[in-house]
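Quick notes on the structure that follows.
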Amino acid sequence: MRQRRRNLLRHAQKVGCDMLAAFEPENLFYMTGFWGEAIGLLAGGRTVIIAPELEAGRAEAESVDCDVVVAQRGSAMVPTLAREAGRGSICTDCRDYTTMTSVKRLIPKARQSAEPFYSCRMVKDESEARILKRASRIIDGMFELCAKKMRAGQKESELQTILMRHAMEQEMFDTGYRSTLNPLIIAGGPNGALPHAQVTGRKFKRGDLVVVDLTLRHRGYVSDATRTFAIGAVPAQASDAYEVVKESQRLGLGAVRPGARCSDVDSACRNYIEKNSYGKYFVHSTGHGIGLEVHEPPAVSAGSSTKLRKNMAVTVEPGIYINKRFGIRIEDSVLVRDRPLVMHKFTKDMIAV
């Protein structure tokens, strides 16, 4: 934690600030070890959590080497931040317009930027890597469960229930991702053609491909992987497209190395899919950073010039989606090393159940 704080202050200085204030829970957790409703202040050798009384006890118990200051909930926390910060220049990740207006009024040298947080968070330390690897092993176990429990006549929602019970028993939880109503993506047959399909009551049928995208949080950190299963024998086109996605993903993983541009990883996947006449059916970027958020920098996309650095954590997830027929996606979470560390070991061969 001390090293993280030194890194955070160093990046704050790059944008002209000598203090950092974290409003977003992910950044608060990264800086203090506490995830909750509070403001974190990093100022020199002191780290302060400004929390309402209902959060103060947990903040004291869960944070690492922090002073906890109690303030009234809501807008009253900002004047407390101003008192604790004093006259220095401060960088904050605050996204709320009204709150940020109050911050600037009370702290004239305040600057709105999340860059110091993301610059540090993109590169994982050893403790973060351990958690991500543990989370990935749990997800592999959930794919094993799919292979055992998935069957024709089963509803997407029934399989989600089985998987989430197992996940929670292993201390894996819903990410709370705001763009979906479901904790998982389980999409059979034509539903699989929707990359961000909602889980429904549709029953799996013989000949279906089933996209199972497991994005779950363990001890704060998100692991993300996808496998596509078959319910019995599938049509020839679906089988052909599956092999194209599988090889595309292999090529993308091979492009992951320190110094490579994110766009190079995207190109490695996309060029192969285009070469095999499925280019128009690959409708999203190749991947994204993972960590305390489901999607965080760097973006692994055609337009991203960001260079990968050792110990970044990203996904590689090419897909093919044929409208109203089927979808295929194969995804792994990867730690960037000289030889990429693929954190998921579950097979990528098509499994027919």
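In the structure tokens, chains take the letters A, B, ... in the order shown, each chain's residues start at 1, and ligands count up from 1 in the order shown.
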
Leaving out A:Val244 and any residue of its chain fewer than 2 positions from it, which residues lie within 12 Å of it when counting only C-alpha atoms, given as an mmCIF file with N, CA and C atoms, in the first residue's frame?
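Here's the written file around_24.cif:
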```
data_model
loop_
_atom_site.group_PDB
_atom_site.id
_atom_site.type_symbol
_atom_site.label_atom_id
_atom_site.label_comp_id
_atom_site.auth_asym_id
_atom_site.auth_seq_id
_atom_site.Cartn_x
_atom_site.Cartn_y
_atom_site.Cartn_z
ATOM 1 N N GLN A 237 -21.784 -24.169 -40.616
ATOM 2 C CA GLN A 237 -21.293 -22.795 -40.562
ATOM 3 C C GLN A 237 -20.895 -22.413 -39.143
ATOM 4 N N ALA A 238 -21.690 -22.842 -38.161
ATOM 5 C CA ALA A 238 -21.373 -22.530 -36.774
ATOM 6 C C ALA A 238 -20.056 -23.181 -36.358
ATOM 7 N N SER A 239 -19.842 -24.412 -36.791
ATOM 8 C CA SER A 239 -18.609 -25.112 -36.475
ATOM 9 C C SER A 239 -17.409 -24.423 -37.128
ATOM 10 N N ASP A 240 -17.573 -24.004 -38.376
ATOM 11 C CA ASP A 240 -16.497 -23.300 -39.087
ATOM 12 C C ASP A 240 -16.168 -21.977 -38.419
ATOM 13 N N ALA A 241 -17.198 -21.214 -38.073
ATOM 14 C CA ALA A 241 -16.982 -19.919 -37.432
ATOM 15 C C ALA A 241 -16.306 -20.091 -36.074
ATOM 16 N N TYR A 242 -16.656 -21.158 -35.368
ATOM 17 C CA TYR A 242 -16.033 -21.406 -34.071
ATOM 18 C C TYR A 242 -14.527 -21.554 -34.216
ATOM 19 N N LYS A 246 -11.537 -19.282 -32.571
ATOM 20 C CA LYS A 246 -10.505 -19.929 -31.742
ATOM 21 C C LYS A 246 -9.099 -19.565 -32.224
ATOM 22 N N GLU A 247 -8.863 -19.638 -33.539
ATOM 23 C CA GLU A 247 -7.544 -19.303 -34.070
ATOM 24 C C GLU A 247 -7.282 -17.803 -33.947
ATOM 25 N N SER A 248 -8.302 -16.988 -34.158
ATOM 26 C CA SER A 248 -8.155 -15.543 -34.004
ATOM 27 C C SER A 248 -7.708 -15.202 -32.588
ATOM 28 N N GLN A 249 -8.325 -15.847 -31.611
ATOM 29 C CA GLN A 249 -7.960 -15.564 -30.220
ATOM 30 C C GLN A 249 -6.544 -16.019 -29.911
ATOM 31 N N ARG A 250 -6.141 -17.152 -30.480
ATOM 32 C CA ARG A 250 -4.770 -17.625 -30.291
ATOM 33 C C ARG A 250 -3.764 -16.611 -30.833
ATOM 34 N N LEU A 251 -4.058 -16.054 -32.005
ATOM 35 C CA LEU A 251 -3.175 -15.058 -32.598
ATOM 36 C C LEU A 251 -3.141 -13.774 -31.762
ATOM 37 N N CYS A 269 -6.230 -10.276 -34.129
ATOM 38 C CA CYS A 269 -7.516 -10.992 -34.122
ATOM 39 C C CYS A 269 -8.359 -10.639 -35.335
ATOM 40 N N ARG A 270 -8.494 -9.352 -35.587
ATOM 41 C CA ARG A 270 -9.442 -8.880 -36.599
ATOM 42 C C ARG A 270 -9.010 -9.288 -38.007
ATOM 43 N N ASN A 271 -7.723 -9.207 -38.292
ATOM 44 C CA ASN A 271 -7.254 -9.545 -39.637
ATOM 45 C C ASN A 271 -7.543 -10.995 -39.987
ATOM 46 N N TYR A 272 -7.396 -11.884 -39.016
ATOM 47 C CA TYR A 272 -7.674 -13.294 -39.304
ATOM 48 C C TYR A 272 -9.164 -13.528 -39.556
ATOM 49 N N ILE A 273 -9.999 -12.885 -38.769
ATOM 50 C CA ILE A 273 -11.443 -13.040 -38.965
ATOM 51 C C ILE A 273 -11.856 -12.464 -40.318
ATOM 52 N N GLU A 274 -11.282 -11.319 -40.687
ATOM 53 C CA GLU A 274 -11.588 -10.728 -41.994
ATOM 54 C C GLU A 274 -11.096 -11.614 -43.136
ATOM 55 N N LYS A 275 -9.911 -12.181 -42.978
ATOM 56 C CA LYS A 275 -9.352 -13.077 -43.988
ATOM 57 C C LYS A 275 -10.274 -14.260 -44.246
ATOM 58 N N ASN A 276 -11.021 -14.669 -43.252
ATOM 59 C CA ASN A 276 -11.920 -15.813 -43.378
ATOM 60 C C ASN A 276 -13.370 -15.391 -43.628
ATOM 61 N N SER A 277 -13.543 -14.151 -44.091
ATOM 62 C CA SER A 277 -14.837 -13.651 -44.593
ATOM 63 C C SER A 277 -15.883 -13.423 -43.506
ATOM 64 N N TYR A 278 -15.443 -13.279 -42.268
ATOM 65 C CA TYR A 278 -16.396 -13.003 -41.186
ATOM 66 C C TYR A 278 -16.198 -11.596 -40.606
ATOM 67 N N GLY A 279 -15.443 -10.751 -41.280
ATOM 68 C CA GLY A 279 -15.086 -9.454 -40.708
ATOM 69 C C GLY A 279 -16.263 -8.625 -40.258
ATOM 70 N N TYR A 281 -18.923 -9.498 -39.080
ATOM 71 C CA TYR A 281 -19.613 -10.100 -37.937
ATOM 72 C C TYR A 281 -18.823 -9.974 -36.622
ATOM 73 N N PHE A 282 -17.664 -9.326 -36.687
ATOM 74 C CA PHE A 282 -16.878 -9.038 -35.478
ATOM 75 C C PHE A 282 -17.150 -7.578 -35.143
ATOM 76 N N PRO A 318 -12.092 -12.020 -29.169
ATOM 77 C CA PRO A 318 -12.736 -11.884 -30.475
ATOM 78 C C PRO A 318 -14.052 -12.661 -30.523
ATOM 79 N N GLY A 319 -14.925 -12.258 -31.436
ATOM 80 C CA GLY A 319 -16.204 -12.946 -31.572
ATOM 81 C C GLY A 319 -16.775 -12.807 -32.962
ATOM 82 N N ILE A 320 -17.691 -13.691 -33.274
ATOM 83 C CA ILE A 320 -18.466 -13.650 -34.519
ATOM 84 C C ILE A 320 -19.935 -13.782 -34.144
ATOM 85 N N ILE A 328 -20.533 -16.463 -31.199
ATOM 86 C CA ILE A 328 -19.365 -17.183 -30.670
ATOM 87 C C ILE A 328 -18.417 -16.146 -30.095
ATOM 88 N N ARG A 329 -17.951 -16.378 -28.875
ATOM 89 C CA ARG A 329 -16.908 -15.536 -28.294
ATOM 90 C C ARG A 329 -16.016 -16.434 -27.447
ATOM 91 N N ILE A 330 -14.725 -16.219 -27.542
ATOM 92 C CA ILE A 330 -13.743 -16.910 -26.695
ATOM 93 C C ILE A 330 -12.878 -15.828 -26.067
ATOM 94 N N LYS A 348 -10.355 -24.455 -24.909
ATOM 95 C CA LYS A 348 -11.044 -23.648 -25.916
ATOM 96 C C LYS A 348 -11.552 -24.495 -27.060
ATOM 97 N N ASP A 349 -11.341 -25.815 -26.996
ATOM 98 C CA ASP A 349 -11.978 -26.707 -27.965
ATOM 99 C C ASP A 349 -13.483 -26.666 -27.749
ATOM 100 N N MET A 350 -14.233 -26.820 -28.827
ATOM 101 C CA MET A 350 -15.691 -26.808 -28.666
ATOM 102 C C MET A 350 -16.124 -28.038 -27.856
#
```

Find the residues near A:Val212: any atom within 8 Å, counting only C-alpha atoms, skip ones fewer than 5 places away on the same chain, and give them as a PyMOL selection string.
chain A and resi 184-187+226-229

When distances are computed from only C-alpha atoms, which of A:Arg134, A:Leu194, A:Gly141, A:Thr101 shows the smallest separation from A:Phe326?
A:Leu194

Between A:Gly45, A:Gly289, A:Pro298, A:Pro116, which one has atoms that come closest to A:Arg261, using only C-alpha atoms?
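Of the candidates, the smallest distance to A:Arg261 is held by A:Pro298.
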
Backbone DSSP call of alpha helix (DSSP H) for stretch 99-192 of chain A, listed as a ChimeraX atom specification
/A:99-106,115-121,126-149,156-169
